[in-house]
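Visitor: Once you've had a glance at the structure underneath, I'll fire off some questions.
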Amino acid sequence: MDQNRQGARASYIALAIFVALWVLMPSAVRRLNREAFAEFQAPALHLLGKSRDMATFWEKKSRSTEEMAAAGRDLARINAALEIKLNAMDDVRRENIRLREITRYVVPAEYMSVVARVATRDSSSWWQRIVIRKGRNDGIRPGAPVVFGNNVVGRVTAVHLTTSEVDLVTSPGFRCTAYLEGDDQNRIALVNGVASNSLGTAKARVSVIPHDYTPPAGQPARVFTTGMGGVFPSRLLLGYLDGGTYSTQVGNFKESLLIPSRDLYNLQEVSVLVPLHPNPGEALMQGDQFQ
Amino acid sequence: MKDSNEMRVLPSTPVERLRLHIVFAVFFAGFLYIGGGLAYRQLVQSGDLKEQSNSQSQRVVLRPPARGRIYDRNGFALVDSRARWSVKADLAALQKEFRAEYLRLVAAEKAREVGKIDRERLMEVARLRVLQGWLNKVWFVIDETNRNDKLRRPTAKIVPVTAPGERHVSEEDLRKHLLERRALPFTLVSDLAFPGASQAQSPEEGSKSVARFIEQFPVEGPIRLESDNIRTYPFGALASHVLGYVKDTDQLPENVNDISDVRIETLQKLHYTGKTGAAGVELTYNHVLSGFTGWELWTKTSLGYNQTRLKHSEPAQGSHVFLSLDYRIQAATEAALAKIKDSQSKLLPAAAVMLDVHTGEILALASQPTFDPNRLADRVSKAYYMEVEKSGAWLNRATQGLYAPGSTFKVVTAIAGMRKKVVDWDDVLECGAFYRVGNRDFPEHEPVGYGDVNVDKMLAISCNVWNYQVGLRTGIDALSAEARRFGLDRPLLNTVSDVESGGQPMTELPFAASRGLVVPDREYKLRIKAGPWNDGDTANLSIGQGYLLTTPLHMASFAASLARGETRTTPSIIHDVRRDGRHQGAEPIGLSKAQLDAIHGGMVRCVEEGTARIARIPGLPYAGKTGTTEYFQKGEKAHLAWMIGFAPADNPVVAFAVLVEGQLDTSTWGGKTAGPVAKEMLEAWAATAGSKYLVTPKPKDEPGR
């Protein structure tokens, strides 16, 4: 009995010493520890993602030949349609280049696209953060926008050697400017992630909507990036206004919820748009000190 | 043994028992006092104490509402509210940083061995340094000039932006904030779209600054982004004298939403900085535009910072106001006035008014020089205030400027003469080069005179001698009575209290027009101790000079009344489709059709071939009368240029008046200077009204109606 009590006491003392050490430890050492833990965790995350890919592969491999043939036929049709679109896009691209040359338009931001598989979702905030299987080694930097096709997924918040953490559009840490479909004056609205409980539906909020804005009838209004903030390219789809808009009665503004353009839960692969030239915000995120 | 112990504890004698009872009684009384006191506090005083506790631990934060919009008659927003994005520092969240910086400073002072350390001052410096550090980061993100080559390298260090003025945290502002609004976040940048208060930038540049902050500045941390409304005037200085501007107010508003939920009088209230009208429509219709103030009930910490929001009520936007102005005509009028410059290309002070003949609704009301209300919507810089002050732009010359109407008054003289039957529409008077009154010759502006002149010709050529004769025959009493009949002595009053008291405003003007109007008569001259009235004074008055003083708005109203054949027009700045065209105090002009036709015809001839021919508009015959008045400015002779009139000539729809103040020379003339402004106003009106009022031009030798 006494031995047990002594053992328990020793555990508490050890815990207290550990906590005290952690608190008193210099922040650089703590940061190193965190980084070390992230790197230690990375192989497990890779393994998890790859095993999921393997499971998907075997699931597809188990399908019948007829089913695969039908899928191949559908794919061929889609490819044909895309081929036509691609040709049309080529014309548009050439015209775009011509007009830019005439107007001497400076291309605002250039990005390097890094395709990455989703390794896992952060268990502490299930709906808000994902971990991708590309990191510093692949040229990813904090603050870079993350997209899937033309849809905004989120933004890189932390970069490790081989993995990166991405705050989703629905994360409370996500913030960007937006244009609303149907607003001819292109006034800026604000998109924020909304903190939700673990079983709730992930959503974001669109605020500072001009009071006289009316969403187009018959369809949910689309919400696009403005491209003015130097982070997101313009005209990427952030999502749709949920159920129109409602007035906050705070002056001329309305608010609405945003339904993300992609099902963030089922994302398997994303693209990270790494700016070729870092913006000032990136330097702030990296914690550079003012001289 | 046991008995002996009991014996020691229990009182055995009556004295001991008495002592014991006394002790019991004292204790009982004590407990009764405490119990009674507690009961009194709990049962009787509980309400008051709770209120007292709330007043010490809770506070109300008032949230000003957005003001309503101001539209022109066609629904264009002349005044709106735009989103203002501001960057604020949460002082409560910065406490640790303040403390750390303070300790660093104290350590540095101790190392220097300076003796006594002023710890309070060091705390102030610590706060300033921390806030300045954050402000540098904000500027680093929003300033596009940071995109230099150094920053394109991923390893680049951040270089702080150093610029004077707005980029530094003001020590005085911080001290004042801590004293008065400690619970609220401290404003680092008040308007992200225009981060430098004195530096203007395009809306697109402004939006970029906002977007850069939103997307690049870390979301977490003590720096917050807040948005509220700020008054914006999309057309800049357009109609600024009508619209007015807003100013900050610290007065607690009366129109607070659902305030019965909170016993506001017992709670600490944060200083309220809302907006209130300071001039023009913003002032007069402040009660309509201001909406309902919202509030938040917060608990506060022992340090005075907000802790938890208990209740709240959202503010509600004010109602909108629809003006009778047509911004297209207003813009054309102001553009025309802006072309009038002196020999040194300096803008001449001027005013112009156009109103609807039937309803009295003002379509354009411009005064030059003007000011940009956008630059008065937030903090007014001293430099801009002085600039406006120096230019004399605060004065609304259309309603508050007092001027002798000059020859435009000859129409009144003609009406007075015909009503008194001293002259008729077809009477011809001999008009030489001058007219002798007493021992003085009153000159004609044509050196050889005009010969035979009737009413029609008099108005076309603006003959002085005709008016001297008719004025003297009519007499001062009838002449001044006629001017008063047209309301030239009546201030177009519309005070704020008139509107706020719920009464129907007399004129629906957003401003009190000048009260210094003068229609002189015998009593007036005696009152100002200028001696008895004489014929020379009457001659002067008959051509609109001397003591007579009026405003351009009065003259425009007079022109509208004349066009309808009535005596009064009630001008209004509020658009109301139900307006019935009745005007307070209006009565028929009292002339026969032939007499009225002669006056209208003379005014048409004035435009077609007379003194206003420079302002002739092919296809749009209209009636006009010019006037040039001499006045002395700083001891030197100068001219005032006038033109009044109405259009179209045979079916009047709009009336107007234009005034230009000449500058120390005599190159300013009614037709030459004011005429082109009238022409551009009418062309703008005709463009808005379509072609329905235009007619095929008549041959030039055929006089108008």
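In the structure tokens, chains take letters A, B, ... by order of appearance, with residues numbered from 1 within each chain and ligands from 1 in the order shown.
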Taking 2 positions as the minimum chain separation for residues in the same chain, which residues sit within 6 Å of segment 76-91 of chain B when counting only C-alpha atoms? Answer as an MDAnalysis selection string.
Guide: chainID B and resid 69:72 74 93:94 185:192 222:233
Visitor: Go ahead and dump the residues you just picked, C-alpha atoms, as a PDB file, in the first residue's frame.
Guide:
```
ATOM      1  CA  ARG B  69     -28.424  57.744 -47.651  1.00  0.00           C
ATOM      2  CA  ILE B  70     -29.211  60.944 -49.514  1.00  0.00           C
ATOM      3  CA  TYR B  71     -30.424  60.499 -53.073  1.00  0.00           C
ATOM      4  CA  ASP B  72     -31.108  62.907 -55.886  1.00  0.00           C
ATOM      5  CA  ASN B  74     -33.599  60.160 -59.897  1.00  0.00           C
ATOM      6  CA  ALA B  93      -4.002  41.080 -24.934  1.00  0.00           C
ATOM      7  CA  LEU B  94      -0.855  43.188 -25.078  1.00  0.00           C
ATOM      8  CA  PRO B 185      -9.065  48.623 -28.467  1.00  0.00           C
ATOM      9  CA  PHE B 186      -6.613  51.318 -29.480  1.00  0.00           C
ATOM     10  CA  THR B 187      -6.827  52.427 -33.097  1.00  0.00           C
ATOM     11  CA  LEU B 188      -3.564  51.988 -34.982  1.00  0.00           C
ATOM     12  CA  VAL B 189      -4.867  52.760 -38.476  1.00  0.00           C
ATOM     13  CA  SER B 190      -8.281  54.396 -38.617  1.00  0.00           C
ATOM     14  CA  ASP B 191      -8.990  53.840 -42.302  1.00  0.00           C
ATOM     15  CA  LEU B 192      -7.056  51.142 -44.116  1.00  0.00           C
ATOM     16  CA  PRO B 222      -3.580  41.183 -30.440  1.00  0.00           C
ATOM     17  CA  ILE B 223      -4.192  43.103 -33.669  1.00  0.00           C
ATOM     18  CA  ARG B 224      -7.801  43.161 -34.801  1.00  0.00           C
ATOM     19  CA  LEU B 225      -9.500  44.179 -37.969  1.00  0.00           C
ATOM     20  CA  GLU B 226     -12.737  46.062 -37.440  1.00  0.00           C
ATOM     21  CA  SER B 227     -15.183  47.461 -39.908  1.00  0.00           C
ATOM     22  CA  ASP B 228     -17.680  50.229 -39.501  1.00  0.00           C
ATOM     23  CA  ASN B 229     -19.282  52.890 -41.619  1.00  0.00           C
ATOM     24  CA  ILE B 230     -17.968  56.189 -42.718  1.00  0.00           C
ATOM     25  CA  ARG B 231     -19.860  58.855 -44.607  1.00  0.00           C
ATOM     26  CA  THR B 232     -18.871  59.046 -48.222  1.00  0.00           C
ATOM     27  CA  TYR B 233     -19.793  61.549 -50.902  1.00  0.00           C
TER      28      TYR B 233
END
```
Visitor: May I have all residues of segment 42-262 of chain A that DSSP, computed from the backbone, assigns to strand (DSSP E), given as a PyMOL selection string?
Guide: chain A and resi 111-121+129-132+145-148+151-159+164-168+175-180+189-193+204-210+222-225+237-247+253-260
Visitor: Find the residue from B:Gly318, B:Gly624, B:Pro571, B:Gly280 that sits nearest to chain A; use only C-alpha atoms when measuring.
Guide: B:Gly318
Visitor: Per DSSP on the backbone, filter segment 4-220 of chain A down to the residues in alpha helix (DSSP H) and report them as a VMD selection string.
Guide: chain A and resid 4 to 24 27 to 61 65 to 103
Visitor: Quick one: of A:Thr226, A:Gln41, A:Thr163, A:Ser64, who's nearest to chain B, counting only C-alpha atoms?
Guide: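 For chain B, the nearest of the candidates is A:Thr226.
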Visitor: From the set B:Gly68, B:Asp248, B:Gln317, B:Ser240, which residue has the shortest atom-to-atom contact distance to chain A, counting only C-alpha atoms?
Guide: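 Checking each of B:Gly68, B:Asp248, B:Gln317, B:Ser240 against chain A, counting only C-alpha atoms, the winner is B:Gln317.
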Visitor: Taking into account only C-alpha atoms, which residue in the set B:Arg63, B:Lys593, B:Arg73, B:Arg564 is nearest to Gln330 of chain B?
Guide: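 Using only C-alpha atoms, the shortest distance to Gln330 of chain B belongs to B:Arg73.
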Visitor: Just want the 12 Å neighbourhood of Asp477 of chain B, counted on only C-alpha atoms, with same-chain residues fewer than 4 positions away dropped. Output as a list in words.
Guide: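 Surrounding residues, per the criterion: Thr413, Ala416, Gly417, Lys420, Gly471, Leu472, Arg473, Ala481, Glu482, Ala483, Arg484, Val519, Pro520, Asp521, Arg522, Glu523, Tyr524, Trp533, Asn534, Asp535, Asp537, Thr538, Leu541 and Ser542 of chain B.
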